[in-house]
$ cat final_9.txt   # compact mmCIF, C-alpha atoms and all ligand atoms
# COMPACT_ATOMS: atom_id res chain seq x y z
CA MET A 1463 12.10 45.39 -36.13
CA GLU A 1464 14.59 43.33 -38.17
CA ASN A 1465 17.54 45.30 -36.86
CA GLU A 1466 16.87 43.85 -33.40
CA LYS A 1467 17.64 40.29 -34.58
CA GLY A 1468 21.29 40.54 -33.66
CA ALA A 1469 20.81 42.89 -30.69
CA SER A 1470 22.38 42.09 -27.32
CA SER A 1471 20.41 41.15 -24.22
CA SER A 1472 20.51 44.72 -22.90
CA THR A 1473 18.15 45.72 -25.74
CA PHE A 1474 15.45 43.47 -24.34
CA LYS A 1475 14.95 44.80 -20.85
CA MET A 1476 11.70 44.08 -18.99
CA GLY A 1477 8.76 45.93 -20.46
CA ASN A 1478 10.46 45.76 -23.84
CA SER A 1479 11.31 42.08 -24.12
CA ALA A 1480 10.74 40.10 -27.31
CA GLN A 1481 8.23 37.82 -25.56
CA GLU A 1482 6.19 40.75 -24.16
CA ARG A 1483 6.06 42.31 -27.61
CA SER A 1484 5.34 38.98 -29.37
CA LEU A 1485 8.16 39.52 -31.86
CA PRO A 1486 7.63 37.22 -34.87
CA TYR A 1487 11.26 35.97 -34.67
CA VAL A 1488 13.71 34.98 -31.94
CA PRO A 1489 16.52 37.53 -31.47
CA ASP A 1490 20.03 36.06 -31.32
CA CYS A 1491 20.49 36.75 -27.60
CA TYR A 1492 17.62 34.30 -26.92
CA ALA A 1493 19.41 31.48 -28.77
CA VAL A 1494 20.57 29.03 -26.12
CA PRO A 1495 24.05 27.46 -26.35
CA PRO A 1496 24.02 24.14 -28.29
CA SER A 1497 24.98 22.27 -25.11
CA TYR A 1498 21.45 22.98 -23.77
CA GLU A 1499 19.97 20.80 -26.52
CA PRO A 1500 16.52 22.38 -26.29
CA ARG A 1501 14.79 19.64 -28.29
CA ASP A 1502 17.16 16.98 -29.52
CA ALA A 1503 17.82 15.19 -26.27
CA LEU A 1504 14.14 14.80 -25.48
CA ASP A 1505 13.23 11.33 -24.36
CA SER A 1506 9.49 11.12 -24.15
CA LYS A 1507 9.22 8.02 -22.00
CA SER A 1508 7.03 10.02 -19.68
CA GLU A 1509 5.57 6.88 -18.11
CA SER A 1510 8.83 6.60 -16.19
CA VAL A 1511 8.14 9.74 -14.10
CA PRO A 1512 7.25 8.53 -10.56
CA THR A 1513 3.66 9.24 -9.52
CA ILE A 1514 2.69 8.88 -5.86
CA ASP A 1515 -0.75 8.65 -4.25
CA ILE A 1516 -0.08 10.99 -1.37
CA SER A 1517 -3.42 10.34 0.41
CA ARG A 1518 -1.89 7.14 1.80
CA LEU A 1519 0.35 9.24 4.06
CA LYS A 1520 -2.77 9.60 6.23
CA GLY A 1521 -3.65 5.89 6.00
CA SER A 1522 -2.55 2.91 8.10
CA ASP A 1523 1.07 2.58 9.31
CA ASP A 1524 1.72 0.13 6.49
CA GLU A 1525 0.31 2.49 3.89
CA ARG A 1526 2.37 5.39 5.23
CA ARG A 1527 5.50 3.22 5.21
CA GLY A 1528 4.77 2.32 1.58
CA VAL A 1529 4.51 5.97 0.52
CA ILE A 1530 7.67 6.90 2.43
CA GLN A 1531 9.51 4.16 0.54
CA GLU A 1532 8.16 5.46 -2.81
CA ILE A 1533 9.26 8.99 -1.89
CA ARG A 1534 12.72 7.74 -0.89
CA LEU A 1535 13.17 5.98 -4.25
CA ALA A 1536 11.88 8.97 -6.24
CA CYS A 1537 14.17 11.38 -4.37
CA GLN A 1538 17.18 9.13 -4.93
CA SER A 1539 16.59 8.46 -8.61
CA PHE A 1540 14.96 11.59 -10.05
CA GLY A 1541 14.73 14.19 -7.28
CA PHE A 1542 11.23 14.58 -8.63
CA PHE A 1543 7.77 13.00 -8.36
CA GLN A 1544 4.18 13.77 -9.26
CA ILE A 1545 1.44 13.59 -6.65
CA VAL A 1546 -2.16 12.50 -7.01
CA ASN A 1547 -4.95 12.51 -4.40
CA HIS A 1548 -3.25 15.45 -2.70
CA GLY A 1549 -6.54 16.82 -1.36
CA ILE A 1550 -6.51 20.24 -3.06
CA ASP A 1551 -9.79 20.87 -4.79
CA GLN A 1552 -9.62 21.11 -8.59
CA SER A 1553 -11.51 24.43 -8.49
CA ILE A 1554 -8.71 25.99 -6.39
CA LEU A 1555 -6.11 24.88 -8.96
CA ASP A 1556 -8.23 26.05 -11.92
CA ASP A 1557 -8.97 29.42 -10.31
CA ALA A 1558 -5.29 30.02 -9.49
CA LEU A 1559 -4.22 29.28 -13.08
CA ALA A 1560 -7.03 31.44 -14.50
CA VAL A 1561 -6.28 34.47 -12.33
CA ALA A 1562 -2.53 34.14 -13.01
CA LYS A 1563 -3.24 34.16 -16.76
CA GLY A 1564 -5.51 37.17 -16.19
CA PHE A 1565 -2.63 39.07 -14.60
CA PHE A 1566 -0.36 38.55 -17.63
CA GLU A 1567 -3.15 39.68 -19.96
CA LEU A 1568 -3.39 43.08 -18.23
CA PRO A 1569 -2.09 46.19 -20.02
CA ALA A 1570 1.65 46.79 -19.55
CA LYS A 1571 0.95 49.87 -17.40
CA GLU A 1572 -0.73 47.70 -14.76
CA LYS A 1573 1.98 45.01 -14.67
CA ASN A 1574 4.79 47.53 -14.73
CA LYS A 1575 3.76 48.78 -11.27
CA PHE A 1576 5.55 45.70 -9.95
CA MET A 1577 8.53 45.85 -12.29
CA SER A 1578 11.84 45.31 -10.52
CA ASN A 1579 15.20 43.69 -11.12
CA ASP A 1580 15.96 43.61 -7.38
CA VAL A 1581 16.11 39.94 -6.39
CA TYR A 1582 15.52 40.96 -2.74
CA ALA A 1583 12.15 42.64 -3.49
CA PRO A 1584 9.27 40.68 -1.87
CA VAL A 1585 7.10 41.30 -4.97
CA ARG A 1586 8.50 41.75 -8.45
CA TYR A 1587 7.44 41.49 -12.07
CA THR A 1588 10.14 40.80 -14.60
CA THR A 1589 11.13 38.71 -17.61
CA SER A 1590 13.73 36.06 -18.51
CA LEU A 1591 15.94 35.48 -15.43
CA LYS A 1592 17.83 38.76 -14.98
CA ASP A 1593 16.83 41.04 -17.85
CA GLY A 1594 19.55 42.69 -19.79
CA VAL A 1595 22.18 41.32 -17.38
CA ASP A 1596 22.42 37.63 -18.19
CA LYS A 1597 24.14 36.72 -21.43
CA THR A 1598 21.26 34.62 -22.72
CA GLN A 1599 17.63 35.70 -22.45
CA PHE A 1600 14.67 33.38 -21.87
CA TRP A 1601 11.15 33.51 -23.28
CA ARG A 1602 9.47 33.95 -19.88
CA ILE A 1603 7.49 36.65 -18.09
CA PHE A 1604 6.99 36.24 -14.34
CA LEU A 1605 5.71 37.64 -11.10
CA LYS A 1606 7.49 36.51 -7.95
CA HIS A 1607 6.18 37.16 -4.47
CA TYR A 1608 6.53 36.00 -0.91
CA ALA A 1609 3.51 34.13 0.39
CA HIS A 1610 4.09 33.09 4.00
CA PRO A 1611 2.92 34.28 6.42
CA LEU A 1612 0.16 35.37 4.07
CA HIS A 1613 -1.05 38.33 6.19
CA ARG A 1614 2.45 39.81 6.04
CA TRP A 1615 2.69 39.87 2.25
CA ILE A 1616 -0.73 39.67 0.62
CA HIS A 1617 -1.36 43.45 0.79
CA LEU A 1618 1.68 43.91 -1.49
CA TRP A 1619 0.35 41.59 -4.21
CA PRO A 1620 -1.48 42.81 -7.33
CA GLN A 1621 -5.06 43.97 -6.81
CA ASN A 1622 -5.76 43.46 -10.46
CA PRO A 1623 -7.33 41.12 -11.58
CA PRO A 1624 -9.63 41.85 -8.62
CA GLU A 1625 -9.64 38.19 -7.52
CA TYR A 1626 -5.85 37.76 -7.70
CA ARG A 1627 -5.23 37.99 -3.94
CA GLU A 1628 -8.12 35.74 -2.98
CA LYS A 1629 -7.49 32.99 -5.54
CA ILE A 1630 -3.70 32.89 -5.37
CA GLY A 1631 -3.88 33.30 -1.57
CA LYS A 1632 -6.12 30.23 -1.28
CA PHE A 1633 -3.81 28.23 -3.53
CA CYS A 1634 -0.75 29.29 -1.47
CA GLU A 1635 -2.36 28.29 1.82
CA GLU A 1636 -3.36 24.86 0.57
CA VAL A 1637 -0.03 24.17 -1.09
CA ARG A 1638 1.84 25.19 2.05
CA ILE A 1639 -0.06 22.66 4.16
CA LEU A 1640 0.81 20.04 1.55
CA SER A 1641 4.47 21.08 1.55
CA LEU A 1642 4.70 20.49 5.32
CA GLU A 1643 3.16 17.06 4.93
CA ILE A 1644 5.59 16.15 2.15
CA MET A 1645 8.59 17.54 4.03
CA GLY A 1646 7.56 15.43 7.07
CA ALA A 1647 7.56 12.37 4.80
CA ILE A 1648 10.95 13.32 3.35
CA THR A 1649 12.64 13.77 6.75
CA GLU A 1650 11.03 10.50 7.87
CA SER A 1651 12.41 8.78 4.77
CA LEU A 1652 15.88 9.96 5.80
CA GLY A 1653 15.45 8.46 9.28
CA LEU A 1654 15.25 11.90 10.91
CA GLY A 1655 11.59 11.65 11.99
CA ARG A 1656 8.63 13.50 10.56
CA ASP A 1657 8.95 16.57 12.80
CA TYR A 1658 12.66 17.18 12.19
CA LEU A 1659 11.99 20.46 10.32
CA SER A 1660 8.35 21.10 11.16
CA SER A 1661 8.85 24.16 13.39
CA ARG A 1662 11.57 25.69 11.17
CA MET A 1663 9.49 25.24 8.02
CA GLY A 1664 6.10 25.69 9.69
CA GLU A 1665 5.85 29.01 11.47
CA ASN A 1666 9.14 30.48 10.32
CA GLY A 1667 9.59 28.97 6.89
CA MET A 1668 9.58 30.89 3.61
CA GLN A 1669 7.16 30.34 0.76
CA VAL A 1670 8.01 32.09 -2.50
CA MET A 1671 5.58 31.96 -5.43
CA ALA A 1672 6.91 32.14 -8.98
CA VAL A 1673 3.95 32.83 -11.23
CA ASN A 1674 5.30 32.12 -14.71
CA CYS A 1675 3.99 32.88 -18.18
CA TYR A 1676 5.60 31.49 -21.36
CA PRO A 1677 3.99 33.13 -24.40
CA PRO A 1678 3.96 31.27 -27.74
CA CYS A 1679 7.44 31.38 -29.26
CA PRO A 1680 8.01 31.73 -33.05
CA ASP A 1681 11.01 29.36 -32.90
CA PRO A 1682 10.82 26.91 -29.97
CA LYS A 1683 13.85 24.98 -31.27
CA THR A 1684 16.10 27.98 -30.66
CA ALA A 1685 14.92 29.54 -27.40
CA LEU A 1686 14.01 28.13 -24.00
CA GLY A 1687 11.50 29.28 -21.37
CA LEU A 1688 14.02 28.53 -18.65
CA PRO A 1689 17.52 27.00 -18.86
CA PRO A 1690 18.55 23.85 -16.99
CA HIS A 1691 18.67 24.75 -13.28
CA SER A 1692 17.75 23.40 -9.87
CA ASP A 1693 15.78 25.25 -7.18
CA TYR A 1694 17.43 26.53 -3.98
CA SER A 1695 14.38 25.46 -1.95
CA CYS A 1696 13.77 22.32 0.11
CA ILE A 1697 10.91 21.44 -2.21
CA THR A 1698 8.97 23.19 -4.96
CA ILE A 1699 5.36 22.25 -5.70
CA LEU A 1700 4.38 23.05 -9.26
CA LEU A 1701 1.09 23.45 -11.08
CA GLN A 1702 1.06 23.88 -14.88
CA ASN A 1703 -1.64 24.26 -17.53
CA LEU A 1704 0.38 22.70 -20.36
CA THR A 1705 3.43 20.51 -20.91
CA GLY A 1706 6.85 22.13 -21.29
CA LEU A 1707 8.62 20.99 -18.12
CA GLU A 1708 11.50 18.55 -18.63
CA ILE A 1709 13.60 16.96 -15.91
CA PHE A 1710 17.09 15.52 -16.19
CA ASP A 1711 17.37 11.88 -15.17
CA LEU A 1712 20.95 11.68 -13.90
CA THR A 1713 20.91 7.92 -13.56
CA ALA A 1714 20.05 7.10 -17.19
CA HIS A 1715 22.49 5.89 -19.83
CA ASP A 1716 25.15 4.79 -17.31
CA GLY A 1717 25.29 8.17 -15.66
CA SER A 1718 25.37 10.33 -18.81
CA GLY A 1719 21.68 11.12 -18.18
CA ARG A 1720 18.70 11.97 -20.38
CA TRP A 1721 15.96 14.57 -20.50
CA VAL A 1722 12.50 13.33 -19.58
CA HIS A 1723 9.36 15.10 -20.69
CA VAL A 1724 6.84 15.60 -17.83
CA PRO A 1725 3.29 14.99 -19.06
CA GLU A 1726 0.37 17.18 -18.06
CA VAL A 1727 -2.48 15.38 -16.36
CA LYS A 1728 -5.22 17.60 -14.95
CA GLY A 1729 -5.07 17.94 -11.19
CA VAL A 1730 -1.63 16.33 -10.80
CA LEU A 1731 0.98 18.41 -8.95
CA LYS A 1732 4.73 18.11 -9.41
CA VAL A 1733 7.27 18.04 -6.57
CA HIS A 1734 10.86 19.13 -7.23
CA ILE A 1735 13.56 18.27 -4.70
CA GLY A 1736 15.61 21.43 -4.22
CA ASP A 1737 19.22 22.14 -3.26
CA HIS A 1738 18.42 22.39 0.45
CA VAL A 1739 17.06 18.82 0.58
CA GLU A 1740 20.18 17.64 -1.26
CA VAL A 1741 22.15 19.24 1.60
CA LEU A 1742 19.79 17.87 4.26
CA SER A 1743 20.29 14.34 2.89
CA ASN A 1744 24.07 14.81 2.64
CA GLY A 1745 23.84 14.05 -1.09
CA LEU A 1746 21.63 10.95 -0.87
CA TYR A 1747 18.80 12.85 -2.58
CA LYS A 1748 19.53 14.98 -5.65
CA SER A 1749 18.02 18.35 -6.42
CA VAL A 1750 16.40 17.95 -9.81
CA ILE A 1751 17.79 19.78 -12.83
CA HIS A 1752 14.88 20.95 -14.95
CA LYS A 1753 14.18 23.27 -17.88
CA VAL A 1754 11.19 24.68 -19.72
CA THR A 1755 10.66 24.18 -23.44
CA LEU A 1756 8.31 26.33 -25.51
CA ASN A 1757 5.60 25.89 -28.10
CA GLU A 1758 4.46 27.96 -31.07
CA GLU A 1759 0.75 28.16 -30.33
CA LYS A 1760 -0.24 28.32 -26.71
CA THR A 1761 0.62 30.35 -23.64
CA ARG A 1762 1.92 28.16 -20.85
CA ILE A 1763 1.25 29.20 -17.25
CA SER A 1764 2.96 27.60 -14.25
CA LEU A 1765 2.73 28.30 -10.55
CA ALA A 1766 5.87 27.22 -8.69
CA SER A 1767 5.61 27.37 -4.90
CA LEU A 1768 9.08 27.21 -3.32
CA HIS A 1769 9.31 26.12 0.33
CA SER A 1770 12.38 26.58 2.48
CA LEU A 1771 13.60 27.46 5.97
CA GLY A 1772 13.41 31.10 7.10
CA MET A 1773 15.35 33.85 5.31
CA ASP A 1774 18.52 33.52 7.45
CA ASP A 1775 18.02 30.04 8.84
CA LYS A 1776 20.88 27.85 7.57
CA MET A 1777 20.32 24.36 6.23
CA SER A 1778 23.14 22.03 7.23
CA VAL A 1779 23.86 18.32 7.09
CA PRO A 1780 22.33 16.59 10.18
CA CYS A 1781 24.86 14.80 12.42
CA GLN A 1782 22.65 11.66 12.18
CA LEU A 1783 23.66 11.33 8.51
CA VAL A 1784 27.39 11.69 9.07
CA ASN A 1785 29.88 8.92 9.88
CA ASP A 1786 33.37 7.79 8.83
CA GLU A 1787 32.17 6.62 5.41
CA ASN A 1788 29.89 9.64 4.97
CA PRO A 1789 31.64 12.84 5.95
CA VAL A 1790 29.82 16.18 5.69
CA ARG A 1791 29.56 16.86 1.95
CA TYR A 1792 27.98 20.37 1.94
CA ARG A 1793 28.49 23.73 3.58
CA GLU A 1794 25.52 25.26 5.40
CA SER A 1795 23.53 28.02 3.68
CA SER A 1796 20.30 30.02 3.87
CA PHE A 1797 17.76 31.44 1.41
CA ASN A 1798 19.48 34.79 1.86
CA ASP A 1799 22.79 33.20 0.81
CA PHE A 1800 21.05 31.97 -2.33
CA LEU A 1801 19.85 35.49 -3.15
CA GLY A 1802 23.45 36.73 -2.80
CA PHE A 1803 24.52 33.99 -5.22
CA LEU A 1804 21.78 35.01 -7.67
CA VAL A 1805 23.02 38.60 -7.78
CA LYS A 1806 26.59 37.59 -8.61
CA ASN A 1807 26.09 34.61 -10.91
CA ASP A 1808 24.57 33.81 -14.28
CA ILE A 1809 22.22 30.82 -14.12
CA SER A 1810 21.73 31.19 -17.87
CA GLN A 1811 25.32 30.01 -18.29
CA GLY A 1812 24.91 26.98 -16.01
CA ASP A 1813 26.05 28.44 -12.65
CA ARG A 1814 24.45 26.39 -9.84
CA PHE A 1815 24.09 27.34 -6.17
CA ILE A 1816 24.52 23.71 -5.03
CA ASP A 1817 27.97 23.59 -6.68
CA THR A 1818 29.12 26.41 -4.38
CA LEU A 1819 28.04 24.37 -1.33
CA ARG A 1820 29.84 21.12 -2.16
CA ILE A 1821 32.86 20.35 0.00
CA LYS A 1822 35.57 18.91 -2.22
CA ASP A 1823 37.23 15.65 -1.03
O1 LIG A 1901 7.51 26.57 -15.41
C1 LIG A 1901 8.00 25.56 -14.94
O2 LIG A 1901 7.55 24.43 -15.17
C2 LIG A 1901 9.22 25.61 -14.05
C3 LIG A 1901 9.35 26.88 -13.29
C4 LIG A 1901 10.67 27.00 -12.59
O3 LIG A 1901 11.53 26.15 -12.70
C5 LIG A 1901 10.95 28.18 -11.79
O4 LIG A 1901 10.09 29.07 -11.66
O5 LIG A 1901 12.09 28.22 -11.22
$ encode --input "final_9.txt" --output "structure tokens"
Amino acid sequence: MENEKGASSSTFKMGNSAQERSLPYVPDCYAVPPSYEPRDALDSKSESVPTIDISRLKGSDDERRGVIQEIRLACQSFGFFQIVNHGIDQSILDDALAVAKGFFELPAKEKNKFMSNDVYAPVRYTTSLKDGVDKTQFWRIFLKHYAHPLHRWIHLWPQNPPEYREKIGKFCEEVRILSLEIMGAITESLGLGRDYLSSRMGENGMQVMAVNCYPPCPDPKTALGLPPHSDYSCITILLQNLTGLEIFDLTAHDGSGRWVHVPEVKGVLKVHIGDHVEVLSNGLYKSVIHKVTLNEEKTRISLASLHSLGMDDKMSVPCQLVNDENPVRYRESSFNDFLGFLVKNDISQGDRFIDTLRIKD
């Protein structure tokens, strides 16, 4: 075992990764570059993470206006907010987390049926980000699958645990309805009206589920569950069973930023602004940079539901948000363009899709 300490990332391919085998040490290729500051930069002023009572979107005009204003501020400052009173029953959230955990506890033979390093596969089980390819490895195991329209994809999902399809399917349906409501509020907050994207995200939009498992790590100061990155999506709605998520507050310390620990409060969902809302807002809203830290004792499970336009539908800057002072700041792009980026780039080394979209002055 010891001779694997200094092994390169190609030694730890999916099915054989250090985290799947619960190695009692962290191999060198899992050690993140010092610039990632896995622990040291942590600022635990978690009370500063915006929390929004989303039920007021269905209230009086004044109440709705109030929530839209809170969403606008959260998108401008953090690109992130938590939501309470979202209307999804606690039992649906608990069941989804439990059945996801159940999947990762299955014997390797069962999980390996879905094993794939093909980022275009509609269902795939893998580890890290791109096993054996990326320079740095991450202490994560995950299952990714498409989820909308449900009837098109659900028959490809795991049948084991036996309730996987039912419980995750229910969660996906509920979260999708919520995502449309939140996207309506976001486009309204940009002055585009609440239906600006409803047909493109409604019937034809994509929903991708990342079902993540972060096993206990023998040295959480050295490795990360996921490196700093932003999501390609319009928004991501996230459910977690434990803390570990940290977001980067770009506005803190006169623009040098700080990491903010996101607390776990039962029933609260997290909303990440993704790259495609940064484009939609012509840079007014920022896609949130976030990372996942690890702990030595407990397995962390998260369900990240990523919502975007259809596979080839391009997000571009709306003409309503362009004038002489605000020229178009981003090139148009689709989810498919993001997948092409993912194949060619190494997110573990800080490559970001949004950087490829920025139009230089
Ligand atoms: O586990 C988390 O909290 C974040 C997951 C995430 O960022 C991802 O799946 O891209």
$ residues_near_ligand --input "final_9.txt" --ligand "ligand LIG 1901 (chain A)" --cutoff "7 Å" --atoms "all atoms listed in the file" --output "ChimeraX atom specification"
/A:1672,1674,1688,1693,1700,1702,1706-1707,1752-1754,1764,1766
$ residues_around --input "final_9.txt" --residues "A:Cys1537" --least-positions-apart "6" --cutoff "12 Å" --atoms "all atoms listed in the file" --output "short mmCIF file (atom, residue, chain, number, x, y, z; two decimals) with C-alpha atoms, in the frame of the given file"
data_model
loop_
_atom_site.label_atom_id
_atom_site.label_comp_id
_atom_site.auth_asym_id
_atom_site.auth_seq_id
_atom_site.Cartn_x
_atom_site.Cartn_y
_atom_site.Cartn_z
CA VAL A 1511 8.14 9.74 -14.10
CA PRO A 1512 7.25 8.53 -10.56
CA THR A 1513 3.66 9.24 -9.52
CA ILE A 1514 2.69 8.88 -5.86
CA ILE A 1530 7.67 6.90 2.43
CA GLN A 1531 9.51 4.16 0.54
CA PHE A 1543 7.77 13.00 -8.36
CA GLN A 1544 4.18 13.77 -9.26
CA ILE A 1644 5.59 16.15 2.15
CA MET A 1645 8.59 17.54 4.03
CA ALA A 1647 7.56 12.37 4.80
CA ILE A 1648 10.95 13.32 3.35
CA THR A 1649 12.64 13.77 6.75
CA SER A 1651 12.41 8.78 4.77
CA LEU A 1652 15.88 9.96 5.80
CA CYS A 1696 13.77 22.32 0.11
CA ILE A 1697 10.91 21.44 -2.21
CA ASP A 1711 17.37 11.88 -15.17
CA LEU A 1712 20.95 11.68 -13.90
CA THR A 1713 20.91 7.92 -13.56
CA VAL A 1733 7.27 18.04 -6.57
CA HIS A 1734 10.86 19.13 -7.23
CA ILE A 1735 13.56 18.27 -4.70
CA GLY A 1736 15.61 21.43 -4.22
CA ASP A 1737 19.22 22.14 -3.26
CA VAL A 1739 17.06 18.82 0.58
CA GLU A 1740 20.18 17.64 -1.26
CA SER A 1743 20.29 14.34 2.89
CA GLY A 1745 23.84 14.05 -1.09
CA LEU A 1746 21.63 10.95 -0.87
CA TYR A 1747 18.80 12.85 -2.58
CA LYS A 1748 19.53 14.98 -5.65
CA SER A 1749 18.02 18.35 -6.42
CA VAL A 1750 16.40 17.95 -9.81
#
$ residues_near_point --input "final_9.txt" --point "(16.0, 46.0, -30.6)" --cutoff "12 Å" --atoms "only C-alpha atoms" --output "count of residues only"
24
$ residues_around --input "final_9.txt" --residues "A:Gln1481" --least-positions-apart "6" --cutoff "9 Å" --atoms "only C-alpha atoms" --output "VMD selection string"
chain A and resid 1488 1589 1600 to 1603 1676 to 1679
$ atom_distance --input "final_9.txt" --atom1 "atom CA of A:Asp1556" --atom2 "atom CA of A:Ala1685"
28.1 Å
$ residues_around --input "final_9.txt" --residues "A:Ser1517" --least-positions-apart "3" --cutoff "7 Å" --atoms "only C-alpha atoms" --output "PyMOL selection string"
chain A and resi 1520+1547-1548
$ atom_distance --input "final_9.txt" --atom1 "atom CA of A:Lys1632" --atom2 "atom CA of A:Ile1516"
20.2 Å
$ closest_residue --input "final_9.txt" --among "A:Leu1765, A:Val1727, A:Leu1654, A:Val1670" --to "A:Leu1783" --atoms "all atoms listed in the file"
A:Leu1654
$ decode --input "final_9.txt" --residues "stretch 1656-1711 of chain A" --atoms "C-alpha atoms" --output "mmCIF file, in the first residue's frame"
data_model
loop_
_atom_site.group_PDB
_atom_site.id
_atom_site.type_symbol
_atom_site.label_atom_id
_atom_site.label_comp_id
_atom_site.auth_asym_id
_atom_site.auth_seq_id
_atom_site.Cartn_x
_atom_site.Cartn_y
_atom_site.Cartn_z
ATOM 1 C CA ARG A 1656 -40.635 36.362 -15.359
ATOM 2 C CA ASP A 1657 -41.352 34.370 -18.537
ATOM 3 C CA TYR A 1658 -38.215 35.404 -20.424
ATOM 4 C CA LEU A 1659 -36.769 31.854 -20.321
ATOM 5 C CA SER A 1660 -39.774 29.826 -19.203
ATOM 6 C CA SER A 1661 -40.364 27.926 -22.459
ATOM 7 C CA ARG A 1662 -36.639 27.355 -23.138
ATOM 8 C CA MET A 1663 -36.022 26.080 -19.612
ATOM 9 C CA GLY A 1664 -39.457 24.515 -19.123
ATOM 10 C CA GLU A 1665 -40.209 21.954 -21.782
ATOM 11 C CA ASN A 1666 -36.835 21.928 -23.478
ATOM 12 C CA GLY A 1667 -34.454 22.664 -20.640
ATOM 13 C CA MET A 1668 -31.841 20.269 -19.277
ATOM 14 C CA GLN A 1669 -31.685 18.992 -15.724
ATOM 15 C CA VAL A 1670 -28.518 17.142 -14.753
ATOM 16 C CA MET A 1671 -28.234 15.488 -11.341
ATOM 17 C CA ALA A 1672 -24.832 15.146 -9.697
ATOM 18 C CA VAL A 1673 -25.227 12.680 -6.842
ATOM 19 C CA ASN A 1674 -22.025 13.129 -4.843
ATOM 20 C CA CYS A 1675 -20.422 11.098 -2.077
ATOM 21 C CA TYR A 1676 -17.378 12.315 -0.110
ATOM 22 C CA PRO A 1677 -16.107 9.479 2.105
ATOM 23 C CA PRO A 1678 -14.188 10.316 5.304
ATOM 24 C CA CYS A 1679 -10.689 11.476 4.400
ATOM 25 C CA PRO A 1680 -7.626 10.580 6.549
ATOM 26 C CA ASP A 1681 -6.073 14.027 5.921
ATOM 27 C CA PRO A 1682 -8.694 16.703 5.149
ATOM 28 C CA LYS A 1683 -6.049 19.457 5.305
ATOM 29 C CA THR A 1684 -4.314 18.045 2.241
ATOM 30 C CA ALA A 1685 -7.074 16.895 -0.108
ATOM 31 C CA LEU A 1686 -10.322 18.456 -1.300
ATOM 32 C CA GLY A 1687 -13.657 16.916 -2.284
ATOM 33 C CA LEU A 1688 -13.905 19.326 -5.194
ATOM 34 C CA PRO A 1689 -11.609 22.192 -6.239
ATOM 35 C CA PRO A 1690 -12.774 25.798 -6.613
ATOM 36 C CA HIS A 1691 -15.058 25.908 -9.662
ATOM 37 C CA SER A 1692 -18.306 27.414 -10.893
ATOM 38 C CA ASP A 1693 -21.174 25.523 -12.539
ATOM 39 C CA TYR A 1694 -21.965 25.905 -16.262
ATOM 40 C CA SER A 1695 -25.704 25.886 -15.493
ATOM 41 C CA CYS A 1696 -28.156 28.767 -15.106
ATOM 42 C CA ILE A 1697 -28.744 27.698 -11.518
ATOM 43 C CA THR A 1698 -27.874 24.691 -9.380
ATOM 44 C CA ILE A 1699 -30.076 23.677 -6.454
ATOM 45 C CA LEU A 1700 -28.173 21.737 -3.833
ATOM 46 C CA LEU A 1701 -29.148 19.481 -0.956
ATOM 47 C CA GLN A 1702 -26.478 18.238 1.484
ATOM 48 C CA ASN A 1703 -26.484 16.081 4.611
ATOM 49 C CA LEU A 1704 -23.422 17.712 6.196
ATOM 50 C CA THR A 1705 -21.330 20.864 5.945
ATOM 51 C CA GLY A 1706 -18.359 20.952 3.575
ATOM 52 C CA LEU A 1707 -19.510 23.454 0.947
ATOM 53 C CA GLU A 1708 -17.614 26.755 0.882
ATOM 54 C CA ILE A 1709 -18.311 29.695 -1.402
ATOM 55 C CA PHE A 1710 -15.957 32.470 -2.438
ATOM 56 C CA ASP A 1711 -17.163 35.960 -1.586
#
